[in-house]
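J.: Pasting in a structure now, in structure tokens, and then I'll have a few things to ask.
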Amino acid sequence: MANFNGNCINDKVAGITPSLTLSITAKAKKMKSEGISVIGFGAGEPDFNTPEYVNEAAKKALDKGFTKYTEASGITPLRQAIADKLKTENNLNYDIDQIIVSNGAKHSLFNSLFVLLSEGDEVIIPSPYWLTYPELVRLSGGVSVFIKTQAKNGFKVTPDELKKVITPKTKAFILNSPNNPTGAVYTKEELEALGKVLVENGIFIISDEIYEKLIYGSEHFSIASLSKELYDSTIVINGMSKSYSMTGWRIGYLAAPKEIAKAINAVQSHATSNPNTIAQYASLEALINPQGKIFLNNMVKIFNERRKYMVERINKIKGVSCITPGGAFYVMLDISILKGKKYKDNVMKGSIDIAEKMLDFGVAAVPGIAFGTDDYLRLSYAISLEDIKEGLNRIEKFVNIVVNGDSK
Ligand code: PLP
């Protein structure tokens with residue numbers, strides 16, 4: 001009989017960290033179910049409905065009987081639409097056999113790391129990072145190497161910081177611009193400077209561009225488009241979740257050099273087969289229908305209003321601050337001044353304690369430690385402006401009490 005007392009889980013999986021954010025979310029949910037008002041700043045998805053024209057395309061796909069297996073890498077018209085999008089919007093030329101459609105960008109990231117990494121390979125990840133990256137690296141047998149970025153540099157990695165962590169074992173670098181959680185957006189020049197170091201050292205780039213469209217006042221550049229060498233060493237990751245508010249449809253994609261795409265296609269064909277057929281037809285329509293631009297412009301306009309409000313309001317609260325995020329829909333609230341302070345006789349050691357105490361004030365935020373930094377909380381503005389206003393009023397009250405002993 002198999003022995004299940006302890007060691008049946010392989011080392012890679014046994015090391016996975018359960019989500020740190022879970023306990024806060026669970027507590028917030030419980031409070032809500034008890035009728036307590038909680039403003040949830042944890043949202044990781046746009047608070048917009050999937051556009052109606054996309055839903056209609058899914059219904060049509062069903063009516064036409066598109067409910068069977070497709071090519072493992074996705075239907076040809078969808079991969080063609082993605083190739084066209086990459087050409088016109090990102091100045092990138094890919095054949096459709098270089099494009100693999102998967103079950104969300106997360107799956108594309110997993111496929112990329114799984115195919116690239118051998119046991120012990122190092123992957124450089126700028127910190128704060130999206131919390132899934134290190135776990136995917138670990139699952140693929142790799143080792144994460146973090147570069148702590150600074151708010152004063154807009155949370156962006158500099159070429160010197162990058163050079164310092166490169167070793168003979170470095171295999172890949174994960175770039176995420178616009179960034180979750182910091183909102184950092186790299187300029188073309190910054191990407192060129194980083195790209196130069198990466199190419200010189202033969203390092204692959206996994207460029208997660210999922211927030212490409214959620215950008216305010218600057219331009220998105222795909223690092224793969226900046227030179228032939230960068231094109232040859234980059235896997236571009238993107239998807240439908242954020243741009244078209246399609247998080248639940250689970251469609252993401254990657255574009256890669258031919259050899260890598262071929263390997264990923266083979267893995268996917270055995271691991272999951274094609275992503276959901278109906279969702280693929282809906283995604284095709286999302287990409288090619290001109291209504292997509294109207295939907296997107298409206299969403300970006302609303303996010304931008306909330307972003308501006310948040311940044312202004314936060315920086316008026318004495319004791320906390322934030323820098324202006326250039327993209328995505330998150331603000332990093334600097335709570336370093338609250339660390340080590342007491343609330344109701346308990347010392348708040350770090351971001352988890354602070355997030356837990358804030359719950360008493362009816363605010364749920366994600367502790368920065370989940371993203372590799374204990375000095376911040378992540379606040380999402382994928383919630384209504386009304387909720388943002390109320391939530392920040394509550395945060396101000398909490399901060400005043402902790403910092404100034406103000407118990408008004
Ligand atoms: N990459 C980043 C930086 C994200 O924040 C997310 C989702 O939160 C994803 C990828 C995953 O997106 P998808 O829903 O396509 O799997």
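Residue names in the structure tokens use chain letters A, B, ... in the order shown, residue numbers from 1 in each chain, and ligand numbers from 1 in the order shown.
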Looking only at the backbone, which of the residues in segment 57-251 of chain A does DSSP tag as alpha helix (DSSP H), as a VMD selection string?
T.: chain A and resid 57 to 63 76 to 90 105 to 116 132 to 139 159 to 165 188 to 200 228 to 232
J.: Per residue of chain A within 6 Å of ligand 1, which atom pair is closest and at what distance in Å (one decimal), using only C-alpha atoms and all ligand atoms, listed by chain and increasing number, as CSV?
T.:
residue,atom,partner,partner_atom_place_in_ligand_line,distance
A:Gly44,CA,ligand 1,8 (O),5.5
A:Gly104,CA,ligand 1,15 (O),3.5
A:Ala105,CA,ligand 1,15 (O),3.5
A:Lys106,CA,ligand 1,16 (O),3.8
A:Trp130,CA,ligand 1,3 (C),5.4
A:Asn180,CA,ligand 1,3 (C),5.0
A:Asp208,CA,ligand 1,1 (N),6.0
A:Ile210,CA,ligand 1,1 (N),5.7
A:Gly239,CA,ligand 1,15 (O),5.1
A:Ser241,CA,ligand 1,14 (O),4.8
A:Thr247,CA,ligand 1,14 (O),4.9
A:Gly252,CA,ligand 1,15 (O),4.9
J.: Store the residues picked out above in a file with N, CA, C and O atoms, as a PDB file, in the first residue's frame.
T.:
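Contents of result.pdb, freshly written:
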ATOM      1  N   GLY A  44      -8.481  41.987  -8.750  1.00  0.00           N
ATOM      2  CA  GLY A  44      -7.431  41.761  -9.756  1.00  0.00           C
ATOM      3  C   GLY A  44      -8.002  41.685 -11.155  1.00  0.00           C
ATOM      4  O   GLY A  44      -7.346  41.221 -12.079  1.00  0.00           O
ATOM      5  N   GLY A 104      -5.434  31.259 -20.653  1.00  0.00           N
ATOM      6  CA  GLY A 104      -5.048  32.460 -19.908  1.00  0.00           C
ATOM      7  C   GLY A 104      -3.556  32.720 -20.026  1.00  0.00           C
ATOM      8  O   GLY A 104      -2.758  31.807 -20.324  1.00  0.00           O
ATOM      9  N   ALA A 105      -3.181  33.973 -19.776  1.00  0.00           N
ATOM     10  CA  ALA A 105      -1.759  34.347 -19.832  1.00  0.00           C
ATOM     11  C   ALA A 105      -0.965  33.575 -18.783  1.00  0.00           C
ATOM     12  O   ALA A 105       0.215  33.274 -18.967  1.00  0.00           O
ATOM     13  N   LYS A 106      -1.615  33.245 -17.690  1.00  0.00           N
ATOM     14  CA  LYS A 106      -0.944  32.484 -16.639  1.00  0.00           C
ATOM     15  C   LYS A 106      -0.467  31.141 -17.184  1.00  0.00           C
ATOM     16  O   LYS A 106       0.648  30.700 -16.919  1.00  0.00           O
ATOM     17  N   TRP A 130       4.565  40.123  -9.588  1.00  0.00           N
ATOM     18  CA  TRP A 130       3.274  39.432  -9.540  1.00  0.00           C
ATOM     19  C   TRP A 130       3.529  38.085  -8.880  1.00  0.00           C
ATOM     20  O   TRP A 130       4.423  37.344  -9.281  1.00  0.00           O
ATOM     21  N   ASN A 180       2.162  44.747 -12.650  1.00  0.00           N
ATOM     22  CA  ASN A 180       1.358  44.420 -11.475  1.00  0.00           C
ATOM     23  C   ASN A 180       2.355  43.945 -10.425  1.00  0.00           C
ATOM     24  O   ASN A 180       3.064  42.974 -10.698  1.00  0.00           O
ATOM     25  N   ASP A 208       5.749  39.810 -20.157  1.00  0.00           N
ATOM     26  CA  ASP A 208       4.323  39.702 -19.822  1.00  0.00           C
ATOM     27  C   ASP A 208       3.669  41.063 -20.075  1.00  0.00           C
ATOM     28  O   ASP A 208       3.846  42.012 -19.316  1.00  0.00           O
ATOM     29  N   ILE A 210       0.341  41.710 -20.430  1.00  0.00           N
ATOM     30  CA  ILE A 210      -1.102  41.552 -20.227  1.00  0.00           C
ATOM     31  C   ILE A 210      -1.815  42.893 -19.946  1.00  0.00           C
ATOM     32  O   ILE A 210      -2.976  43.058 -20.264  1.00  0.00           O
ATOM     33  N   GLY A 239      -3.003  38.502 -23.519  1.00  0.00           N
ATOM     34  CA  GLY A 239      -4.253  37.751 -23.394  1.00  0.00           C
ATOM     35  C   GLY A 239      -5.457  38.663 -23.365  1.00  0.00           C
ATOM     36  O   GLY A 239      -5.357  39.881 -23.498  1.00  0.00           O
ATOM     37  N   SER A 241      -7.825  38.762 -20.844  1.00  0.00           N
ATOM     38  CA  SER A 241      -8.403  38.998 -19.519  1.00  0.00           C
ATOM     39  C   SER A 241      -8.586  40.472 -19.178  1.00  0.00           C
ATOM     40  O   SER A 241      -9.672  40.889 -18.783  1.00  0.00           O
ATOM     41  N   THR A 247     -11.717  37.941 -17.926  1.00  0.00           N
ATOM     42  CA  THR A 247     -10.902  37.098 -17.020  1.00  0.00           C
ATOM     43  C   THR A 247     -11.420  35.660 -16.915  1.00  0.00           C
ATOM     44  O   THR A 247     -10.633  34.722 -16.835  1.00  0.00           O
ATOM     45  N   GLY A 252      -5.444  33.281 -23.118  1.00  0.00           N
ATOM     46  CA  GLY A 252      -4.212  34.061 -23.197  1.00  0.00           C
ATOM     47  C   GLY A 252      -3.420  33.527 -24.371  1.00  0.00           C
ATOM     48  O   GLY A 252      -3.811  32.532 -24.987  1.00  0.00           O
TER      49      GLY A 252
END
J.: For Gly217 of chain A, list every protein, DNA or RNA residue within 10 Å, evaluated using only C-alpha atoms, and leave out those in the same chain fewer than 4 positions away; present the list as a ChimeraX atom specification.
T.: /A:304,326-327
J.: Residues within 12 Å of segment 393-403 of chain A, please, as a PyMOL selection string. Count only C-alpha atoms; anything in the same chain fewer than 2 positions from it doesn't count.
T.: chain A and resi 37-41+310+313-321+333-348+354-365+377+379+386-391+405-408
J.: Using only C-alpha atoms for the distances, tell me which of A:Ala224, A:Leu175, A:Leu116, A:Ala263 is nearest to Leu86 of chain A.
T.: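 Going through A:Ala224, A:Leu175, A:Leu116, A:Ala263 one by one, the smallest distance to Leu86 of chain A is for A:Ala224.
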J.: Counting only C-alpha atoms, which of A:Ala256, A:Ala261, A:Ile223, A:Leu136 gets nearest to Leu191 of chain A?
T.: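 Using only C-alpha atoms, the shortest distance to Leu191 of chain A belongs to A:Ile223.
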J.: When you count only C-alpha atoms, which of these residues is closest to Glu135 of chain A: A:Arg79, A:Lys32, A:Lys59, A:Lys12?
T.: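 Among A:Arg79, A:Lys32, A:Lys59, A:Lys12, it is A:Lys12 that comes nearest to Glu135 of chain A.
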J.: So that I can check the surroundings of Trp249 of chain A, please list as a list of chain:residue names every protein, DNA and RNA residue that reaches within 10 Å of it, counting only C-alpha atoms and ignoring chain neighbours fewer than 5 positions away.
T.: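 The contact residues come out as A:Thr50, A:Asn103, A:Gly104, A:Met240, A:Ser241, A:Pro275, A:Asn276, A:Ile278, A:Ala279, A:Gln280, A:Ala282, A:Ser283.
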J.: Please, could you write that set of residues out with N, CA, C and O atoms as an mmCIF file, in the first residue's frame?
T.:
data_model
loop_
_atom_site.group_PDB
_atom_site.id
_atom_site.type_symbol
_atom_site.label_atom_id
_atom_site.label_comp_id
_atom_site.auth_asym_id
_atom_site.auth_seq_id
_atom_site.Cartn_x
_atom_site.Cartn_y
_atom_site.Cartn_z
ATOM 1 N N THR A 50 -17.900 41.916 -19.652
ATOM 2 C CA THR A 50 -17.380 41.593 -20.984
ATOM 3 C C THR A 50 -18.295 42.271 -22.011
ATOM 4 O O THR A 50 -19.522 42.234 -21.866
ATOM 5 N N ASN A 103 -4.874 28.644 -21.922
ATOM 6 C CA ASN A 103 -5.941 28.931 -20.943
ATOM 7 C C ASN A 103 -5.564 30.116 -20.055
ATOM 8 O O ASN A 103 -5.361 29.958 -18.846
ATOM 9 N N GLY A 104 -5.434 31.259 -20.653
ATOM 10 C CA GLY A 104 -5.048 32.460 -19.908
ATOM 11 C C GLY A 104 -3.556 32.720 -20.026
ATOM 12 O O GLY A 104 -2.758 31.807 -20.324
ATOM 13 N N MET A 240 -6.600 38.058 -23.182
ATOM 14 C CA MET A 240 -7.872 38.769 -23.290
ATOM 15 C C MET A 240 -8.366 39.302 -21.945
ATOM 16 O O MET A 240 -9.236 40.167 -21.894
ATOM 17 N N SER A 241 -7.825 38.762 -20.844
ATOM 18 C CA SER A 241 -8.403 38.998 -19.519
ATOM 19 C C SER A 241 -8.586 40.472 -19.178
ATOM 20 O O SER A 241 -9.672 40.889 -18.783
ATOM 21 N N PRO A 275 -7.405 25.412 -25.721
ATOM 22 C CA PRO A 275 -8.260 26.127 -24.758
ATOM 23 C C PRO A 275 -9.710 26.103 -25.264
ATOM 24 O O PRO A 275 -9.949 25.832 -26.440
ATOM 25 N N ASN A 276 -10.616 26.429 -24.380
ATOM 26 C CA ASN A 276 -12.058 26.341 -24.668
ATOM 27 C C ASN A 276 -12.424 26.904 -26.047
ATOM 28 O O ASN A 276 -12.103 28.045 -26.378
ATOM 29 N N ILE A 278 -15.340 27.707 -27.507
ATOM 30 C CA ILE A 278 -16.297 28.833 -27.586
ATOM 31 C C ILE A 278 -15.578 30.137 -27.208
ATOM 32 O O ILE A 278 -15.747 31.175 -27.856
ATOM 33 N N ALA A 279 -14.753 30.055 -26.182
ATOM 34 C CA ALA A 279 -13.996 31.241 -25.745
ATOM 35 C C ALA A 279 -13.010 31.692 -26.829
ATOM 36 O O ALA A 279 -12.738 32.886 -26.966
ATOM 37 N N GLN A 280 -12.510 30.762 -27.602
ATOM 38 C CA GLN A 280 -11.615 31.155 -28.706
ATOM 39 C C GLN A 280 -12.379 31.977 -29.752
ATOM 40 O O GLN A 280 -11.877 32.976 -30.247
ATOM 41 N N ALA A 282 -15.058 33.731 -29.218
ATOM 42 C CA ALA A 282 -15.384 35.020 -28.594
ATOM 43 C C ALA A 282 -14.152 35.936 -28.630
ATOM 44 O O ALA A 282 -14.255 37.136 -28.918
ATOM 45 N N SER A 283 -12.983 35.368 -28.385
ATOM 46 C CA SER A 283 -11.742 36.162 -28.381
ATOM 47 C C SER A 283 -11.419 36.682 -29.775
ATOM 48 O O SER A 283 -10.935 37.812 -29.939
#
J.: Taking only residues of segment 87-156 of chain A that have an atom at most 12 Å from an atom of segment 67-78 of chain A, what is each one's shortest atom pair and its distance in Å to one decimal, using only C-alpha atoms, in chain and number order, as JSON lines?
T.:
{"residue": "A:Asp95", "atom": "CA", "partner": "A:Thr76", "partner_atom": "CA", "distance": 10.9}
{"residue": "A:Ile96", "atom": "CA", "partner": "A:Thr76", "partner_atom": "CA", "distance": 7.5}
{"residue": "A:Asp97", "atom": "CA", "partner": "A:Ser73", "partner_atom": "CA", "distance": 8.4}
{"residue": "A:Gln98", "atom": "CA", "partner": "A:Ser73", "partner_atom": "CA", "distance": 9.5}
{"residue": "A:Ile99", "atom": "CA", "partner": "A:Ser73", "partner_atom": "CA", "distance": 7.3}
{"residue": "A:Ile100", "atom": "CA", "partner": "A:Ser73", "partner_atom": "CA", "distance": 4.6}
{"residue": "A:Val101", "atom": "CA", "partner": "A:Gly74", "partner_atom": "CA", "distance": 5.2}
{"residue": "A:Ser102", "atom": "CA", "partner": "A:Ser73", "partner_atom": "CA", "distance": 7.1}
{"residue": "A:Asn103", "atom": "CA", "partner": "A:Gly74", "partner_atom": "CA", "distance": 10.3}
{"residue": "A:Ser108", "atom": "CA", "partner": "A:Ser73", "partner_atom": "CA", "distance": 10.9}
{"residue": "A:Asn111", "atom": "CA", "partner": "A:Ser73", "partner_atom": "CA", "distance": 11.8}
J.: Any chance you can output those residues with all heavy atoms as a PDB file, in the first residue's frame?
T.:
ATOM      1  N   ASP A  95       4.712  34.357 -37.783  1.00  0.00           N
ATOM      2  CA  ASP A  95       3.863  33.415 -38.518  1.00  0.00           C
ATOM      3  C   ASP A  95       2.913  32.801 -37.506  1.00  0.00           C
ATOM      4  O   ASP A  95       3.237  32.753 -36.310  1.00  0.00           O
ATOM      5  CB  ASP A  95       4.714  32.297 -39.145  1.00  0.00           C
ATOM      6  CG  ASP A  95       5.623  32.835 -40.232  1.00  0.00           C
ATOM      7  OD1 ASP A  95       5.295  33.907 -40.789  1.00  0.00           O
ATOM      8  OD2 ASP A  95       6.663  32.194 -40.483  1.00  0.00           O
ATOM      9  N   ILE A  96       1.810  32.257 -38.014  1.00  0.00           N
ATOM     10  CA  ILE A  96       0.840  31.764 -37.022  1.00  0.00           C
ATOM     11  C   ILE A  96       1.350  30.531 -36.273  1.00  0.00           C
ATOM     12  O   ILE A  96       0.882  30.244 -35.184  1.00  0.00           O
ATOM     13  CB  ILE A  96      -0.582  31.552 -37.589  1.00  0.00           C
ATOM     14  CG1 ILE A  96      -0.580  30.510 -38.676  1.00  0.00           C
ATOM     15  CG2 ILE A  96      -1.216  32.850 -38.038  1.00  0.00           C
ATOM     16  CD1 ILE A  96      -2.009  30.058 -38.974  1.00  0.00           C
ATOM     17  N   ASP A  97       2.327  29.818 -36.851  1.00  0.00           N
ATOM     18  CA  ASP A  97       2.850  28.669 -36.083  1.00  0.00           C
ATOM     19  C   ASP A  97       3.779  29.114 -34.938  1.00  0.00           C
ATOM     20  O   ASP A  97       4.288  28.298 -34.182  1.00  0.00           O
ATOM     21  CB  ASP A  97       3.542  27.638 -36.986  1.00  0.00           C
ATOM     22  CG  ASP A  97       4.756  28.202 -37.693  1.00  0.00           C
ATOM     23  OD1 ASP A  97       4.987  29.432 -37.607  1.00  0.00           O
ATOM     24  OD2 ASP A  97       5.481  27.420 -38.345  1.00  0.00           O
ATOM     25  N   GLN A  98       3.977  30.405 -34.814  1.00  0.00           N
ATOM     26  CA  GLN A  98       4.749  30.920 -33.664  1.00  0.00           C
ATOM     27  C   GLN A  98       3.822  31.378 -32.533  1.00  0.00           C
ATOM     28  O   GLN A  98       4.278  31.887 -31.519  1.00  0.00           O
ATOM     29  CB  GLN A  98       5.612  32.107 -34.099  1.00  0.00           C
ATOM     30  CG  GLN A  98       6.724  31.740 -35.074  1.00  0.00           C
ATOM     31  CD  GLN A  98       7.501  32.966 -35.498  1.00  0.00           C
ATOM     32  OE1 GLN A  98       7.140  33.621 -36.490  1.00  0.00           O
ATOM     33  NE2 GLN A  98       8.537  33.299 -34.775  1.00  0.00           N
ATOM     34  N   ILE A  99       2.537  31.231 -32.761  1.00  0.00           N
ATOM     35  CA  ILE A  99       1.565  31.726 -31.773  1.00  0.00           C
ATOM     36  C   ILE A  99       0.807  30.557 -31.144  1.00  0.00           C
ATOM     37  O   ILE A  99       0.299  29.685 -31.858  1.00  0.00           O
ATOM     38  CB  ILE A  99       0.591  32.720 -32.454  1.00  0.00           C
ATOM     39  CG1 ILE A  99       1.383  33.992 -32.779  1.00  0.00           C
ATOM     40  CG2 ILE A  99      -0.608  33.048 -31.560  1.00  0.00           C
ATOM     41  CD1 ILE A  99       0.749  34.913 -33.731  1.00  0.00           C
ATOM     42  N   ILE A 100       0.778  30.535 -29.824  1.00  0.00           N
ATOM     43  CA  ILE A 100       0.059  29.474 -29.110  1.00  0.00           C
ATOM     44  C   ILE A 100      -0.986  30.135 -28.204  1.00  0.00           C
ATOM     45  O   ILE A 100      -0.645  30.977 -27.369  1.00  0.00           O
ATOM     46  CB  ILE A 100       0.993  28.648 -28.186  1.00  0.00           C
ATOM     47  CG1 ILE A 100       2.309  28.278 -28.875  1.00  0.00           C
ATOM     48  CG2 ILE A 100       0.247  27.430 -27.619  1.00  0.00           C
ATOM     49  CD1 ILE A 100       2.268  27.136 -29.821  1.00  0.00           C
ATOM     50  N   VAL A 101      -2.230  29.743 -28.386  1.00  0.00           N
ATOM     51  CA  VAL A 101      -3.312  30.244 -27.534  1.00  0.00           C
ATOM     52  C   VAL A 101      -3.484  29.249 -26.382  1.00  0.00           C
ATOM     53  O   VAL A 101      -3.487  28.038 -26.610  1.00  0.00           O
ATOM     54  CB  VAL A 101      -4.630  30.362 -28.343  1.00  0.00           C
ATOM     55  CG1 VAL A 101      -5.728  30.977 -27.480  1.00  0.00           C
ATOM     56  CG2 VAL A 101      -4.418  31.191 -29.607  1.00  0.00           C
ATOM     57  N   SER A 102      -3.591  29.792 -25.164  1.00  0.00           N
ATOM     58  CA  SER A 102      -3.664  28.909 -23.987  1.00  0.00           C
ATOM     59  C   SER A 102      -4.793  29.331 -23.055  1.00  0.00           C
ATOM     60  O   SER A 102      -5.537  30.275 -23.337  1.00  0.00           O
ATOM     61  CB  SER A 102      -2.335  28.943 -23.227  1.00  0.00           C
ATOM     62  OG  SER A 102      -1.288  28.520 -24.062  1.00  0.00           O
ATOM     63  N   ASN A 103      -4.874  28.644 -21.922  1.00  0.00           N
ATOM     64  CA  ASN A 103      -5.941  28.931 -20.943  1.00  0.00           C
ATOM     65  C   ASN A 103      -5.564  30.116 -20.055  1.00  0.00           C
ATOM     66  O   ASN A 103      -5.361  29.958 -18.846  1.00  0.00           O
ATOM     67  CB  ASN A 103      -6.197  27.705 -20.067  1.00  0.00           C
ATOM     68  CG  ASN A 103      -6.600  26.502 -20.878  1.00  0.00           C
ATOM     69  OD1 ASN A 103      -7.676  26.490 -21.472  1.00  0.00           O
ATOM     70  ND2 ASN A 103      -5.736  25.523 -20.951  1.00  0.00           N
ATOM     71  N   SER A 108       0.113  30.536 -20.352  1.00  0.00           N
ATOM     72  CA  SER A 108       1.192  30.830 -21.317  1.00  0.00           C
ATOM     73  C   SER A 108       2.515  31.005 -20.586  1.00  0.00           C
ATOM     74  O   SER A 108       3.579  30.557 -21.056  1.00  0.00           O
ATOM     75  CB  SER A 108       0.883  32.113 -22.099  1.00  0.00           C
ATOM     76  OG  SER A 108      -0.370  32.043 -22.719  1.00  0.00           O
ATOM     77  N   ASN A 111       3.695  27.545 -19.452  1.00  0.00           N
ATOM     78  CA  ASN A 111       4.247  26.819 -20.605  1.00  0.00           C
ATOM     79  C   ASN A 111       5.650  27.316 -20.950  1.00  0.00           C
ATOM     80  O   ASN A 111       6.544  26.523 -21.230  1.00  0.00           O
ATOM     81  CB  ASN A 111       3.355  27.026 -21.840  1.00  0.00           C
ATOM     82  CG  ASN A 111       2.126  26.146 -21.840  1.00  0.00           C
ATOM     83  OD1 ASN A 111       2.074  25.143 -21.124  1.00  0.00           O
ATOM     84  ND2 ASN A 111       1.131  26.509 -22.625  1.00  0.00           N
TER      85      ASN A 111
END
J.: I want to know what sits within 9 Å of Val157 of chain A, based on only C-alpha atoms, with residues of the same chain fewer than 6 positions away left out; could you give that as a count of residues only?
T.: 8
J.: Record the distance separating atom CA of Ile352 of chain A and atom CA of Ile174 of chain A, expressed in Å with one decimal.
T.: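 Distance reported for this atom pair: 25.9 Å.
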J.: Step one, run DSSP on the backbone; step two, keep only residues of segment 273-372 of chain A assigned to strand (DSSP E or B); then write them as a ChimeraX atom specification.
T.: /A:321,327,330-334,342-343,346-347,363-364,366-367
J.: Which is closest to Lys301 of chain A among A:Ile264, A:Met246, A:Ile215, A:Ala255, if we use only C-alpha atoms?
T.: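 Using only C-alpha atoms, Lys301 of chain A sits closest to A:Ile215.
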